[in-house]
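Data block for data-v4.cif (mmCIF, C-alpha atoms):
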```
data_start
loop_
_atom_site.group_PDB
_atom_site.id
_atom_site.type_symbol
_atom_site.label_atom_id
_atom_site.label_comp_id
_atom_site.auth_asym_id
_atom_site.auth_seq_id
_atom_site.Cartn_x
_atom_site.Cartn_y
_atom_site.Cartn_z
ATOM 1 C CA MET Y 1 19.713 -28.705 -13.469
ATOM 2 C CA ARG Y 2 19.323 -30.876 -10.480
ATOM 3 C CA SER Y 3 16.163 -32.851 -9.929
ATOM 4 C CA LYS Y 4 15.330 -30.731 -6.873
ATOM 5 C CA GLN Y 5 15.316 -27.589 -9.027
ATOM 6 C CA ILE Y 6 13.173 -29.228 -11.681
ATOM 7 C CA LEU Y 7 10.719 -30.427 -9.065
ATOM 8 C CA SER Y 8 10.570 -26.916 -7.595
ATOM 9 C CA ILE Y 9 9.831 -25.395 -11.005
ATOM 10 C CA LEU Y 10 7.117 -27.981 -11.728
ATOM 11 C CA LEU Y 11 5.535 -27.336 -8.336
ATOM 12 C CA GLN Y 12 5.548 -23.588 -8.939
ATOM 13 C CA LEU Y 13 3.965 -24.092 -12.364
ATOM 14 C CA ALA Y 14 1.245 -26.271 -10.826
ATOM 15 C CA VAL Y 15 0.492 -23.680 -8.135
ATOM 16 C CA ALA Y 16 0.528 -20.890 -10.730
ATOM 17 C CA GLY Y 17 -1.900 -22.921 -12.849
ATOM 18 C CA LEU Y 18 -4.248 -23.212 -9.872
ATOM 19 C CA VAL Y 19 -3.957 -19.466 -9.255
ATOM 20 C CA ILE Y 20 -4.825 -18.795 -12.903
ATOM 21 C CA ILE Y 21 -7.873 -21.073 -12.708
ATOM 22 C CA PHE Y 22 -8.957 -19.387 -9.455
ATOM 23 C CA THR Y 23 -8.541 -15.927 -11.002
ATOM 24 C CA ALA Y 24 -10.502 -16.974 -14.094
ATOM 25 C CA TYR Y 25 -13.243 -18.292 -11.792
ATOM 26 C CA LEU Y 26 -13.483 -14.867 -10.136
ATOM 27 C CA LEU Y 27 -13.690 -12.949 -13.421
ATOM 28 C CA PRO Y 28 -16.566 -13.736 -15.806
ATOM 29 C CA GLY Y 29 -14.706 -12.279 -18.830
ATOM 30 C CA ILE Y 30 -11.924 -14.888 -18.556
ATOM 31 C CA MET Y 31 -12.242 -18.565 -19.502
ATOM 32 C CA VAL Y 32 -9.694 -21.287 -18.765
ATOM 33 C CA GLU Y 33 -10.650 -24.733 -20.040
ATOM 34 C CA ASP Y 34 -8.850 -26.979 -17.528
ATOM 35 C CA PHE Y 35 -5.903 -27.333 -15.166
ATOM 36 C CA LEU Y 36 -3.432 -28.264 -17.914
ATOM 37 C CA THR Y 37 -4.401 -25.124 -19.801
ATOM 38 C CA GLY Y 38 -3.819 -23.109 -16.624
ATOM 39 C CA VAL Y 39 -0.323 -24.576 -16.260
ATOM 40 C CA LEU Y 40 0.388 -23.881 -19.928
ATOM 41 C CA ILE Y 41 -0.754 -20.270 -19.487
ATOM 42 C CA ALA Y 42 1.484 -19.901 -16.425
ATOM 43 C CA ALA Y 43 4.494 -21.206 -18.349
ATOM 44 C CA LEU Y 44 3.736 -19.022 -21.373
ATOM 45 C CA LEU Y 45 3.238 -15.887 -19.271
ATOM 46 C CA ALA Y 46 6.542 -16.568 -17.512
ATOM 47 C CA LEU Y 47 8.253 -16.966 -20.889
ATOM 48 C CA LEU Y 48 6.620 -13.819 -22.309
ATOM 49 C CA ASN Y 49 7.546 -11.834 -19.184
ATOM 50 C CA VAL Y 50 11.176 -12.856 -19.599
ATOM 51 C CA THR Y 51 11.447 -12.328 -23.372
ATOM 52 C CA VAL Y 52 8.855 -9.969 -24.875
ATOM 53 C CA LYS Y 53 7.990 -7.740 -21.915
ATOM 54 C CA PRO Y 54 11.492 -6.239 -21.451
ATOM 55 C CA ILE Y 55 11.542 -5.268 -25.144
ATOM 56 C CA LEU Y 56 8.137 -3.579 -24.853
ATOM 57 C CA ILE Y 57 9.222 -1.792 -21.688
ATOM 58 C CA PHE Y 58 12.370 -0.514 -23.412
ATOM 59 C CA PHE Y 59 10.469 0.895 -26.383
ATOM 60 C CA THR Y 60 7.796 2.499 -24.200
ATOM 61 C CA ILE Y 61 10.078 4.168 -21.635
ATOM 62 C CA PRO Y 62 8.918 7.715 -22.541
ATOM 63 C CA ILE Y 63 5.198 6.934 -22.152
ATOM 64 C CA THR Y 64 5.910 4.893 -19.016
ATOM 65 C CA ILE Y 65 7.705 7.858 -17.452
ATOM 66 C CA LEU Y 66 4.965 10.241 -18.596
ATOM 67 C CA THR Y 67 2.276 8.060 -16.968
ATOM 68 C CA LEU Y 68 4.372 7.508 -13.828
ATOM 69 C CA GLY Y 69 4.630 3.790 -14.538
ATOM 70 C CA LEU Y 70 0.946 3.119 -15.098
ATOM 71 C CA PHE Y 71 1.617 2.140 -18.712
ATOM 72 C CA LEU Y 72 3.245 -1.014 -17.346
ATOM 73 C CA LEU Y 73 -0.294 -2.176 -16.512
ATOM 74 C CA VAL Y 74 -1.146 -1.875 -20.200
ATOM 75 C CA ILE Y 75 1.919 -3.960 -21.082
ATOM 76 C CA ASN Y 76 0.813 -6.647 -18.594
ATOM 77 C CA ALA Y 77 -2.655 -6.710 -20.179
ATOM 78 C CA LEU Y 78 -1.055 -7.048 -23.621
ATOM 79 C CA MET Y 79 0.929 -10.054 -22.380
ATOM 80 C CA VAL Y 80 -2.327 -11.686 -21.233
ATOM 81 C CA LEU Y 81 -3.998 -10.962 -24.582
ATOM 82 C CA LEU Y 82 -1.000 -12.405 -26.425
ATOM 83 C CA ALA Y 83 -1.164 -15.548 -24.281
ATOM 84 C CA ALA Y 84 -4.897 -15.822 -25.034
ATOM 85 C CA ASP Y 85 -4.146 -15.704 -28.766
ATOM 86 C CA ILE Y 86 -1.535 -18.440 -28.462
ATOM 87 C CA VAL Y 87 -3.178 -20.907 -26.045
ATOM 88 C CA ASN Y 88 -6.301 -22.793 -27.089
ATOM 89 C CA GLY Y 89 -8.719 -23.129 -24.184
ATOM 90 C CA PHE Y 90 -7.891 -19.680 -22.783
ATOM 91 C CA SER Y 91 -10.014 -16.718 -23.796
ATOM 92 C CA VAL Y 92 -10.204 -13.147 -22.632
ATOM 93 C CA GLY Y 93 -13.305 -11.048 -23.295
ATOM 94 C CA ASN Y 94 -11.533 -7.778 -24.076
ATOM 95 C CA PHE Y 95 -8.656 -5.518 -23.052
ATOM 96 C CA TRP Y 96 -10.329 -4.484 -19.783
ATOM 97 C CA TRP Y 97 -10.789 -8.099 -18.679
ATOM 98 C CA ALA Y 98 -7.129 -8.721 -19.546
ATOM 99 C CA LEU Y 99 -6.122 -5.713 -17.441
ATOM 100 C CA LEU Y 100 -8.238 -6.862 -14.503
ATOM 101 C CA PHE Y 101 -6.970 -10.445 -14.891
ATOM 102 C CA SER Y 102 -3.349 -9.280 -14.803
ATOM 103 C CA LEU Y 103 -4.025 -7.132 -11.732
ATOM 104 C CA VAL Y 104 -5.782 -9.908 -9.805
ATOM 105 C CA LEU Y 105 -3.189 -12.464 -10.902
ATOM 106 C CA SER Y 106 -0.357 -10.197 -9.742
ATOM 107 C CA LEU Y 107 -2.077 -9.586 -6.431
ATOM 108 C CA VAL Y 108 -2.722 -13.280 -5.746
ATOM 109 C CA ASN Y 109 0.806 -14.215 -6.839
ATOM 110 C CA SER Y 110 2.227 -11.553 -4.524
ATOM 111 C CA ILE Y 111 0.187 -12.823 -1.608
ATOM 112 C CA LEU Y 112 1.271 -16.407 -2.250
ATOM 113 C CA GLY Y 113 4.860 -15.414 -2.989
ATOM 114 C CA ILE Y 114 4.964 -17.191 -6.343
ATOM 115 C CA SER Y 115 7.739 -16.041 -8.606
ATOM 116 C CA LEU Y 116 8.731 -18.358 -11.422
ATOM 117 C CA GLY Y 117 11.244 -15.958 -12.894
ATOM 118 C CA SER Y 118 13.283 -15.562 -9.706
ATOM 119 C CA ARG Y 119 13.367 -19.327 -9.132
ATOM 120 C CA LEU Y 120 14.476 -20.195 -12.657
ATOM 121 C CA GLY Y 121 17.837 -18.524 -12.124
ATOM 122 C CA LYS Y 122 18.626 -20.419 -8.897
#
```
Could you spell out this file's structure in structure tokens?
Amino acid sequence: MRSKQILSILLQLAVAGLVIIFTAYLLPGIMVEDFLTGVLIAALLALLNVTVKPILIFFTIPITILTLGLFLLVINALMVLLAADIVNGFSVGNFWWALLFSLVLSLVNSILGISLGSRLGK
């Protein structure tokens, strides 16, 4: 990787960490300890979305089709709960807070145009 690509990835992780802290600030059921924890969560969620999420999607295709894709929201919430179990300094009150966190995080990321996964391949 060239240094420009590495710098771009680090910048995206920093912005994603800020977005995670902002989202946690908006939602009382979510707690992020500090900025470094936010960056770690962003990196872990990107890794989980690239590795674990496709496997879950594959095994839940029937229920995803039956619910017209809404089950994907449940998978996103499960990714947030898994990240909360792995990262110290990040806690999620319950499944519903994880679902709301993933929705708000997706919305803010879409508005800002942050996509770590699409940049990693370039």
Out of Y:Ile65, Y:Gly113, Y:Glu33, Y:Val104, which residue has the shortest atom-to-atom distance to Val15 in chain Y when counting all atoms listed in the file?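 Selected residue with least distance to Val15 in chain Y: Y:Gly113.
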Just to confirm, what's the straight-line distance from CA of Ala84 in chain Y to CA of Leu44 in chain Y in Å (one decimal)?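 According to the coordinates, CA of Ala84 in chain Y and CA of Leu44 in chain Y are separated by 9.9 Å.
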Distance of CA of Asn88 in chain Y from CA of Val32 in chain Y, expressed in Å to one decimal place: 9.1 Å
Kindly give the distance, in Å, that separates CA of Ala77 in chain Y and CA of Ile9 in chain Y, rounded to a single decimal. 24.3 Å
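When all atoms listed in the file are used to measure the gap to Asn109 in chain Y, the shortest distance among Y:Thr23, Y:Thr60, Y:Asn76, Y:Ser91 belongs to Y:Thr23.
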With the file shown as input, list the residues that the PyMOL selection byres ((chain Y and resi 34) around 12) selects, as a PyMOL selection string. chain Y and resi 17-18+20-22+24-25+31-33+35-41+87-90
Output as lines of an AutoDock Vina configuration file the centre and edge lengths (Å, one decimal) of the box along x, y and z of the file that holds every listed atom of range 34-50 of chain Y after adding 6 Å on each side.
```
center_x = 1.2
center_y = -20.0
center_z = -18.7
size_x = 32.0
size_y = 28.4
size_z = 19.1
```
For Asn94 in chain Y, which residue out of Y:Gly29, Y:Pro62, Y:Gly69, Y:Pro54 is the nearest one, using all atoms listed in the file? Y:Gly29
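Taking all atoms listed in the file, the non-local environment of Leu27 in chain Y within 12 Å (same-chain residues fewer than 6 positions away omitted) comprises Ile20, Ile21, Ser91, Val92, Gly93, Trp96, Trp97, Ala98, Leu99, Leu100, Phe101, Ser102, Leu103, Val104 and Leu105 of chain Y.
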